[in-house]
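Dropping data-v3.txt in here (compact mmCIF, C-alpha atoms):
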```txt
# COMPACT_ATOMS: atom_id res chain seq x y z
CA MET F 1 109.39 109.53 126.52
CA ILE F 2 107.57 108.61 123.35
CA ASN F 3 103.96 107.48 123.55
CA VAL F 4 103.23 104.52 121.29
CA LEU F 5 99.64 103.57 120.46
CA PHE F 6 98.11 100.49 118.80
CA PHE F 7 94.72 100.21 117.17
CA ALA F 8 92.22 97.62 115.94
CA ARG F 9 93.65 94.18 115.08
CA LEU F 10 97.10 95.17 116.39
CA ARG F 11 95.70 96.30 119.73
CA GLU F 12 93.90 92.97 120.14
CA GLN F 13 96.75 90.76 118.97
CA LEU F 14 99.27 92.54 121.18
CA SER F 15 96.85 92.81 124.13
CA THR F 16 97.88 96.40 124.65
CA ASP F 17 96.71 99.78 123.40
CA ARG F 18 99.72 101.84 124.47
CA LEU F 19 103.22 101.80 125.85
CA GLN F 20 106.15 104.16 126.19
CA VAL F 21 109.63 103.98 124.76
CA GLU F 22 112.71 106.02 125.64
CA ALA F 23 113.59 108.88 123.36
CA SER F 24 117.09 108.87 121.87
CA GLU F 25 119.06 110.76 119.27
CA ASN F 26 118.34 110.17 115.58
CA LEU F 27 115.43 107.89 116.37
CA THR F 28 113.11 107.04 113.46
CA ALA F 29 109.75 105.29 113.18
CA GLU F 30 111.64 102.29 111.74
CA HIS F 31 113.85 102.13 114.84
CA ILE F 32 110.79 101.98 117.08
CA ARG F 33 109.30 99.28 114.85
CA GLN F 34 112.49 97.21 115.16
CA GLN F 35 112.71 97.79 118.90
CA LEU F 36 109.14 96.50 119.34
CA ALA F 37 109.76 93.57 116.97
CA SER F 38 112.62 92.39 119.21
CA LYS F 39 110.28 91.88 122.21
CA ASP F 40 109.20 88.36 121.19
CA ASP F 41 107.92 86.25 118.28
CA LEU F 42 104.41 87.66 118.37
CA TRP F 43 105.64 91.26 118.26
CA ALA F 44 108.15 90.33 115.55
CA LYS F 45 105.41 88.86 113.36
CA ILE F 46 103.03 91.79 113.80
CA MET F 47 105.69 94.45 113.28
CA ALA F 48 106.85 92.71 110.08
CA ALA F 49 103.47 93.02 108.33
CA ASP F 50 103.77 94.74 104.93
CA SER F 51 100.47 96.50 105.45
CA LEU F 52 101.48 98.08 108.78
CA LEU F 53 100.97 101.85 108.88
CA VAL F 54 102.58 104.40 111.16
CA ALA F 55 101.36 107.85 112.16
CA VAL F 56 103.50 110.37 114.00
CA ASN F 57 101.62 113.05 115.92
CA GLN F 58 98.41 111.88 114.24
CA GLU F 59 99.66 112.10 110.67
CA VAL F 60 100.41 109.03 108.53
CA THR F 61 104.05 109.12 107.53
CA ASP F 62 106.87 106.90 106.30
CA TRP F 63 109.31 104.78 108.26
CA SER F 64 112.20 107.23 107.95
CA GLN F 65 110.29 109.88 109.92
CA GLN F 66 112.39 111.28 112.79
CA ILE F 67 110.89 110.84 116.25
CA LYS F 68 111.59 113.21 119.11
CA ASP F 69 110.85 113.23 122.83
CA GLY F 70 107.13 113.72 123.52
CA ASP F 71 105.95 112.52 120.10
CA GLU F 72 102.93 110.26 119.70
CA VAL F 73 103.59 107.30 117.42
CA ALA F 74 100.68 105.07 116.37
CA PHE F 75 100.78 101.71 114.61
CA PHE F 76 97.71 100.39 112.85
CA PRO F 77 96.43 98.30 109.94
CA PRO F 78 94.94 99.84 106.76
CA VAL F 79 91.75 101.73 107.57
CA THR F 80 88.28 100.34 106.87
CA GLY F 81 85.78 103.07 107.77
CA GLY F 82 82.94 104.60 105.81
CA MET K 83 80.86 120.56 110.30
CA ILE K 84 82.64 117.42 111.39
CA LYS K 85 81.31 115.07 114.07
CA VAL K 86 82.65 111.73 115.27
CA GLN K 87 80.07 110.27 117.62
CA LEU K 88 78.55 107.22 119.26
CA ASP K 89 75.00 108.41 118.71
CA ASP K 90 72.90 107.97 115.62
CA PHE K 91 72.08 110.98 113.44
CA VAL K 92 68.81 112.13 111.86
CA VAL K 93 69.13 112.73 108.13
CA ALA K 94 66.18 115.16 108.05
CA ASP K 95 67.85 117.38 110.67
CA GLU K 96 71.16 117.31 108.82
CA TYR K 97 69.40 118.12 105.56
CA GLN K 98 67.62 121.08 107.16
CA SER K 99 70.85 122.61 108.38
CA LEU K 100 72.50 122.08 105.00
CA ALA K 101 69.59 123.30 102.90
CA ASN K 102 68.77 126.66 104.51
CA ASP K 103 70.96 128.86 102.33
CA ASN K 104 69.33 130.21 99.16
CA GLN K 105 72.60 130.76 97.33
CA ASP K 106 72.85 126.96 96.98
CA GLY K 107 71.04 125.25 94.12
CA ALA K 108 72.20 121.77 95.07
CA VAL K 109 72.33 119.61 98.18
CA VAL K 110 73.83 116.11 97.84
CA THR K 111 73.87 113.68 100.75
CA PHE K 112 75.21 110.17 101.21
CA VAL K 113 74.45 107.73 104.03
CA GLY K 114 76.49 104.57 104.61
CA LYS K 115 74.76 101.73 106.49
CA VAL K 116 75.58 98.38 108.07
CA ARG K 117 74.63 95.75 105.50
CA ASP K 118 73.86 92.08 106.06
CA PHE K 119 76.57 90.42 103.97
CA ASN K 120 80.28 90.52 103.36
CA GLU K 121 82.34 87.96 101.50
CA GLY K 122 79.74 85.28 101.99
CA LEU K 123 79.34 85.67 105.73
CA ASP K 124 76.19 86.66 107.58
CA VAL K 125 76.86 89.97 109.23
CA GLN K 126 74.94 90.64 112.43
CA GLY K 127 76.53 93.94 113.33
CA LEU K 128 79.70 95.97 113.42
CA SER K 129 82.04 97.33 115.99
CA LEU K 130 83.83 100.48 114.87
CA GLU K 131 87.06 101.70 116.43
CA HIS K 132 88.78 104.98 115.63
CA TYR K 133 91.78 107.07 116.61
CA PRO K 134 90.35 110.02 118.57
CA GLY K 135 92.07 113.24 117.60
CA MET K 136 93.57 111.96 114.38
CA THR K 137 90.14 111.10 112.97
CA GLU K 138 88.89 114.66 113.31
CA LYS K 139 92.13 116.03 111.82
CA VAL K 140 91.95 113.75 108.78
CA LEU K 141 88.29 114.55 108.16
CA ALA K 142 89.03 118.30 108.35
CA ASP K 143 91.88 117.76 105.91
CA ILE K 144 89.66 115.86 103.47
CA GLU K 145 87.04 118.62 103.65
CA ALA K 146 89.73 121.23 102.93
CA LYS K 147 90.89 119.23 99.90
CA ALA K 148 87.32 119.06 98.55
CA ARG K 149 86.98 122.81 98.98
CA GLU K 150 90.12 123.38 96.93
CA HIS K 151 88.58 121.59 93.98
CA TRP K 152 84.89 122.50 93.99
CA PRO K 153 82.86 125.60 94.86
CA LEU K 154 81.21 124.27 98.02
CA ASN K 155 79.22 126.16 100.59
CA LYS K 156 78.35 123.77 103.43
CA VAL K 157 79.95 120.45 104.23
CA THR K 158 78.79 118.03 106.92
CA ILE K 159 80.67 114.83 107.76
CA ILE K 160 79.36 112.60 110.54
CA HIS K 161 80.93 109.22 111.33
CA ARG K 162 79.83 106.96 114.16
CA PHE K 163 81.94 104.59 116.24
CA GLY K 164 81.12 101.86 118.76
CA ASP K 165 78.72 98.94 118.31
CA LEU K 166 76.27 99.19 115.41
CA LYS K 167 73.49 96.81 114.53
CA LEU K 168 72.40 95.60 111.12
CA GLY K 169 70.76 98.38 109.13
CA GLU K 170 72.10 101.16 111.34
CA GLN K 171 73.58 104.31 109.85
CA ILE K 172 77.39 104.58 109.96
CA VAL K 173 78.33 107.70 108.06
CA PHE K 174 76.72 110.85 106.68
CA ILE K 175 78.23 113.11 104.04
CA GLY K 176 76.36 116.23 102.95
CA VAL K 177 77.54 119.01 100.67
CA THR K 178 75.90 122.09 99.21
CA SER K 179 76.92 124.15 96.24
CA PRO K 180 75.44 126.59 93.76
CA HIS K 181 75.98 123.82 91.20
CA ARG K 182 74.77 120.23 90.96
CA LYS K 183 77.89 118.73 89.38
CA ALA K 184 80.20 120.14 92.03
CA ALA K 185 77.95 118.82 94.81
CA PHE K 186 77.80 115.30 93.34
CA ALA K 187 81.53 115.11 92.66
CA ALA K 188 82.55 116.50 96.06
CA CYS K 189 80.24 114.12 97.93
CA GLU K 190 81.71 111.11 96.14
CA PHE K 191 85.25 112.40 96.64
CA LEU K 192 84.64 112.86 100.37
CA ILE K 193 83.37 109.33 100.96
CA ASP K 194 86.06 107.78 98.75
CA PHE K 195 88.83 109.61 100.61
CA LEU K 196 87.29 108.99 104.01
CA LYS K 197 87.31 105.25 103.30
CA THR K 198 91.04 105.16 102.59
CA LYS K 199 92.39 107.92 104.87
CA ALA K 200 90.30 108.32 108.03
CA PRO K 201 91.50 106.09 110.90
CA PHE K 202 88.43 103.93 111.42
CA TRP K 203 88.45 100.15 111.66
CA LYS K 204 85.45 97.86 111.31
CA LYS K 205 85.07 94.59 113.10
CA GLU K 206 82.19 92.50 111.82
CA VAL K 207 80.11 90.36 114.12
CA THR K 208 79.10 87.23 112.18
CA SER K 209 77.63 83.85 113.03
CA ASP K 210 81.24 82.55 112.97
CA GLY K 211 82.53 85.14 115.45
CA SER K 212 84.03 88.62 115.14
CA ILE K 213 86.44 89.46 112.34
CA TRP K 214 88.43 92.61 111.60
CA LEU K 215 87.79 93.68 108.02
CA ASP K 216 90.65 93.92 105.56
CA ALA K 217 91.01 97.05 103.46
CA LYS K 218 89.74 96.66 99.91
CA ASN K 219 91.91 97.35 96.88
CA SER K 220 88.85 98.78 95.12
CA ASP K 221 88.66 101.51 97.77
CA ASP K 222 92.31 102.41 97.24
CA ASP K 223 91.69 102.48 93.49
CA ALA K 224 88.77 104.90 93.92
CA SER K 225 90.91 107.18 96.02
CA GLN K 226 93.81 106.96 93.55
CA GLN K 227 91.50 107.78 90.63
CA TRP K 228 90.49 111.03 92.33
CA HIS K 229 94.12 111.82 92.96
CA ASP K 230 94.95 111.29 89.28
CA GLU K 231 91.84 113.12 88.09
CA LEU K 232 92.43 116.19 90.24
CA ASN K 233 96.15 116.42 89.46
CA LYS K 234 95.86 116.23 85.68
```

Would you encode the structure as structure tokens?
Amino acid sequence: MINVLFFARLREQLSTDRLQVEASENLTAEHIRQQLASKDDLWAKIMAADSLLVAVNQEVTDWSQQIKDGDEVAFFPPVTGG
Amino acid sequence: MIKVQLDDFVVADEYQSLANDNQDGAVVTFVGKVRDFNEGLDVQGLSLEHYPGMTEKVLADIEAKAREHWPLNKVTIIHRFGDLKLGEQIVFIGVTSPHRKAAFAACEFLIDFLKTKAPFWKKEVTSDGSIWLDAKNSDDDASQQWHDELNK
């Protein structure tokens, strides 16, 4: 399984901070994004945001990043700390 | 030293632990606080969320980058999370170096990079309700300028 996490505005809008998706061959971050977007209109809208960032195993990466079983994939908006 | 914590910090204590090495001629510190305005709204406080695990990794990475570019001795980065009231301290950056210019530059670099790379998110509590802050282009620009400057 792949652990998927959501933070900040996404976590609130989606009313969830984590879920799991099945691992499969040649899976990328973009595939997971599309899979989540197909859940319903709300998910589709949030997953389509241009500003959406993805981190795989706690490192920000691009959408073509390969995902393997056991990975942690996090979706979040641009950061605003400091 | 990197700390991500709920609790407040005491600048005098942090200064003491930074400033006790006589090979350093310079100590530069920065403190970020919760201010009372943002884009015309009255801010009453902040709620800060972060990504435990990734936050510490990114901060360690930013410190390592600073050390590649400047001769630094000690580096302290403290960032709080949770609910913060108006005027409370959010972040502490402290660096020491034999040289003043390196200490100033590294301190500014660290806060600029932290703002655009470390996974923290601020939610402002205002008289109109709570609002997640949007990232500022000016912060990205500051980070990009360092990138350009250091890769000349």

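The interatomic distance for the pair atom CA of K:Asp194 and atom CA of K:Asp222 works out to 8.4 Å.
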
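Using only C-alpha atoms for every distance, the candidate list F:Arg33, F:Ile2, F:Ile67, F:Ser24 yields F:Arg33 as the residue closest to F:Lys45.
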
Please return, as a PyMOL selection string, all polymer residues that have at least one atom within 9 Å of the point (111.5, 103.3, 114.3); use all atoms listed in the file and the file's own coordinate frame.
chain F and resi 27-36+63-67

Please provide the set of residues having any atom within 10 Å of K:Pro134, restricted to only C-alpha atoms, with same-chain residues fewer than 3 positions apart removed, written as a PyMOL selection string.
(chain F and resi 58) or (chain K and resi 86+131+137-139+201-202)

Residues of the last selection are to be written out with C-alpha atoms, as a short mmCIF file (atom, residue, chain, number, x, y, z; two decimals), in the coordinates of the input.
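part-v2.cif, written as the output of this step:
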```cif
data_model
loop_
_atom_site.label_atom_id
_atom_site.label_comp_id
_atom_site.auth_asym_id
_atom_site.auth_seq_id
_atom_site.Cartn_x
_atom_site.Cartn_y
_atom_site.Cartn_z
CA GLN F 58 98.41 111.88 114.24
CA VAL K 86 82.65 111.73 115.27
CA GLU K 131 87.06 101.70 116.43
CA THR K 137 90.14 111.10 112.97
CA GLU K 138 88.89 114.66 113.31
CA LYS K 139 92.13 116.03 111.82
CA PRO K 201 91.50 106.09 110.90
CA PHE K 202 88.43 103.93 111.42
#
```

So the first atom is atom CA of K:Gln126 and the second is atom CA of K:Glu206; what is the distance between them in Å, to one decimal place?
7.5 Å

For chain K against chain F, which residues fall within 10 Å using all atoms listed in the file, given as a short mmCIF file (atom, residue, chain, number, x, y, z; two decimals) with C-alpha atoms, keeping the file's coordinate frame?
```cif
data_model
loop_
_atom_site.label_atom_id
_atom_site.label_comp_id
_atom_site.auth_asym_id
_atom_site.auth_seq_id
_atom_site.Cartn_x
_atom_site.Cartn_y
_atom_site.Cartn_z
CA VAL K 113 74.45 107.73 104.03
CA GLY K 114 76.49 104.57 104.61
CA LYS K 115 74.76 101.73 106.49
CA VAL K 116 75.58 98.38 108.07
CA LEU K 130 83.83 100.48 114.87
CA GLU K 131 87.06 101.70 116.43
CA HIS K 132 88.78 104.98 115.63
CA TYR K 133 91.78 107.07 116.61
CA PRO K 134 90.35 110.02 118.57
CA GLY K 135 92.07 113.24 117.60
CA MET K 136 93.57 111.96 114.38
CA THR K 137 90.14 111.10 112.97
CA GLU K 138 88.89 114.66 113.31
CA LYS K 139 92.13 116.03 111.82
CA VAL K 140 91.95 113.75 108.78
CA ILE K 160 79.36 112.60 110.54
CA HIS K 161 80.93 109.22 111.33
CA ARG K 162 79.83 106.96 114.16
CA PHE K 163 81.94 104.59 116.24
CA ILE K 172 77.39 104.58 109.96
CA VAL K 173 78.33 107.70 108.06
CA PHE K 174 76.72 110.85 106.68
CA ILE K 175 78.23 113.11 104.04
CA ILE K 193 83.37 109.33 100.96
CA ASP K 194 86.06 107.78 98.75
CA PHE K 195 88.83 109.61 100.61
CA LEU K 196 87.29 108.99 104.01
CA LYS K 197 87.31 105.25 103.30
CA THR K 198 91.04 105.16 102.59
CA LYS K 199 92.39 107.92 104.87
CA ALA K 200 90.30 108.32 108.03
CA PRO K 201 91.50 106.09 110.90
CA PHE K 202 88.43 103.93 111.42
CA TRP K 203 88.45 100.15 111.66
CA LYS K 204 85.45 97.86 111.31
CA LYS K 205 85.07 94.59 113.10
CA ILE K 213 86.44 89.46 112.34
CA TRP K 214 88.43 92.61 111.60
CA LEU K 215 87.79 93.68 108.02
CA ASP K 216 90.65 93.92 105.56
CA ALA K 217 91.01 97.05 103.46
CA LYS K 218 89.74 96.66 99.91
CA ASP K 221 88.66 101.51 97.77
#
```

Do a neighbour search on K:Asp106 at 8 Å with only C-alpha atoms, toss out local chain neighbours closer than 3 positions, and write the hits as a PyMOL selection string.
chain K and resi 101+103+109+155+178-181

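Put simply, atom CA of K:Val157 is 21.3 Å away from atom CA of K:Glu231.
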
Within 6 Å of (79.0, 119.2, 109.1), in the coordinates the file gives, what residues turn up when you count only C-alpha atoms, written out as a ChimeraX atom specification?
/K:83-84,157-159

With N, CA and C atoms as the goal, would you fill in the gaps in stretch 181-203 of chain K and present it as a PDB file, in the frame of the given file?
```
ATOM      1  N   HIS K 181      76.065 124.671  92.390  1.00  0.00           N
ATOM      2  CA  HIS K 181      75.980 123.820  91.200  1.00  0.00           C
ATOM      3  C   HIS K 181      75.889 122.336  91.511  1.00  0.00           C
ATOM      4  N   ARG K 182      75.038 121.658  90.780  1.00  0.00           N
ATOM      5  CA  ARG K 182      74.770 120.230  90.960  1.00  0.00           C
ATOM      6  C   ARG K 182      76.024 119.368  90.777  1.00  0.00           C
ATOM      7  N   LYS K 183      76.755 119.607  89.685  1.00  0.00           N
ATOM      8  CA  LYS K 183      77.890 118.730  89.380  1.00  0.00           C
ATOM      9  C   LYS K 183      78.957 118.783  90.463  1.00  0.00           C
ATOM     10  N   ALA K 184      79.195 119.986  90.959  1.00  0.00           N
ATOM     11  CA  ALA K 184      80.200 120.140  92.030  1.00  0.00           C
ATOM     12  C   ALA K 184      79.751 119.384  93.277  1.00  0.00           C
ATOM     13  N   ALA K 185      78.457 119.468  93.596  1.00  0.00           N
ATOM     14  CA  ALA K 185      77.950 118.820  94.810  1.00  0.00           C
ATOM     15  C   ALA K 185      78.059 117.293  94.694  1.00  0.00           C
ATOM     16  N   PHE K 186      77.675 116.750  93.547  1.00  0.00           N
ATOM     17  CA  PHE K 186      77.800 115.300  93.340  1.00  0.00           C
ATOM     18  C   PHE K 186      79.254 114.845  93.440  1.00  0.00           C
ATOM     19  N   ALA K 187      80.116 115.516  92.713  1.00  0.00           N
ATOM     20  CA  ALA K 187      81.530 115.110  92.660  1.00  0.00           C
ATOM     21  C   ALA K 187      82.170 115.206  94.045  1.00  0.00           C
ATOM     22  N   ALA K 188      81.912 116.304  94.745  1.00  0.00           N
ATOM     23  CA  ALA K 188      82.550 116.500  96.060  1.00  0.00           C
ATOM     24  C   ALA K 188      82.057 115.455  97.060  1.00  0.00           C
ATOM     25  N   CYS K 189      80.780 115.107  96.994  1.00  0.00           N
ATOM     26  CA  CYS K 189      80.240 114.120  97.930  1.00  0.00           C
ATOM     27  C   CYS K 189      80.919 112.772  97.705  1.00  0.00           C
ATOM     28  N   GLU K 190      81.069 112.398  96.452  1.00  0.00           N
ATOM     29  CA  GLU K 190      81.710 111.110  96.140  1.00  0.00           C
ATOM     30  C   GLU K 190      83.184 111.127  96.536  1.00  0.00           C
ATOM     31  N   PHE K 191      83.841 112.241  96.246  1.00  0.00           N
ATOM     32  CA  PHE K 191      85.250 112.400  96.640  1.00  0.00           C
ATOM     33  C   PHE K 191      85.407 112.244  98.154  1.00  0.00           C
ATOM     34  N   LEU K 192      84.528 112.893  98.905  1.00  0.00           N
ATOM     35  CA  LEU K 192      84.640 112.860 100.370  1.00  0.00           C
ATOM     36  C   LEU K 192      84.500 111.448 100.923  1.00  0.00           C
ATOM     37  N   ILE K 193      83.528 110.690 100.434  1.00  0.00           N
ATOM     38  CA  ILE K 193      83.370 109.330 100.960  1.00  0.00           C
ATOM     39  C   ILE K 193      84.509 108.425 100.482  1.00  0.00           C
ATOM     40  N   ASP K 194      84.945 108.601  99.248  1.00  0.00           N
ATOM     41  CA  ASP K 194      86.060 107.780  98.750  1.00  0.00           C
ATOM     42  C   ASP K 194      87.339 108.036  99.551  1.00  0.00           C
ATOM     43  N   PHE K 195      87.616 109.300  99.848  1.00  0.00           N
ATOM     44  CA  PHE K 195      88.830 109.610 100.610  1.00  0.00           C
ATOM     45  C   PHE K 195      88.698 109.195 102.066  1.00  0.00           C
ATOM     46  N   LEU K 196      87.515 109.410 102.614  1.00  0.00           N
ATOM     47  CA  LEU K 196      87.290 108.990 104.010  1.00  0.00           C
ATOM     48  C   LEU K 196      87.595 107.497 104.172  1.00  0.00           C
ATOM     49  N   LYS K 197      87.145 106.711 103.203  1.00  0.00           N
ATOM     50  CA  LYS K 197      87.310 105.250 103.300  1.00  0.00           C
ATOM     51  C   LYS K 197      88.776 104.808 103.311  1.00  0.00           C
ATOM     52  N   THR K 198      89.640 105.584 102.668  1.00  0.00           N
ATOM     53  CA  THR K 198      91.040 105.160 102.590  1.00  0.00           C
ATOM     54  C   THR K 198      91.977 105.952 103.509  1.00  0.00           C
ATOM     55  N   LYS K 199      91.496 107.068 104.074  1.00  0.00           N
ATOM     56  CA  LYS K 199      92.390 107.920 104.870  1.00  0.00           C
ATOM     57  C   LYS K 199      91.988 108.061 106.343  1.00  0.00           C
ATOM     58  N   ALA K 200      90.711 108.043 106.645  1.00  0.00           N
ATOM     59  CA  ALA K 200      90.300 108.320 108.030  1.00  0.00           C
ATOM     60  C   ALA K 200      90.521 107.078 108.887  1.00  0.00           C
ATOM     61  N   PRO K 201      91.135 107.258 110.076  1.00  0.00           N
ATOM     62  CA  PRO K 201      91.500 106.090 110.900  1.00  0.00           C
ATOM     63  C   PRO K 201      90.311 105.473 111.647  1.00  0.00           C
ATOM     64  N   PHE K 202      89.512 104.743 110.868  1.00  0.00           N
ATOM     65  CA  PHE K 202      88.430 103.930 111.420  1.00  0.00           C
ATOM     66  C   PHE K 202      88.704 102.485 111.059  1.00  0.00           C
ATOM     67  N   TRP K 203      88.303 101.584 111.939  1.00  0.00           N
ATOM     68  CA  TRP K 203      88.450 100.150 111.660  1.00  0.00           C
ATOM     69  C   TRP K 203      87.167  99.434 112.028  1.00  0.00           C
TER      70      TRP K 203
END
```
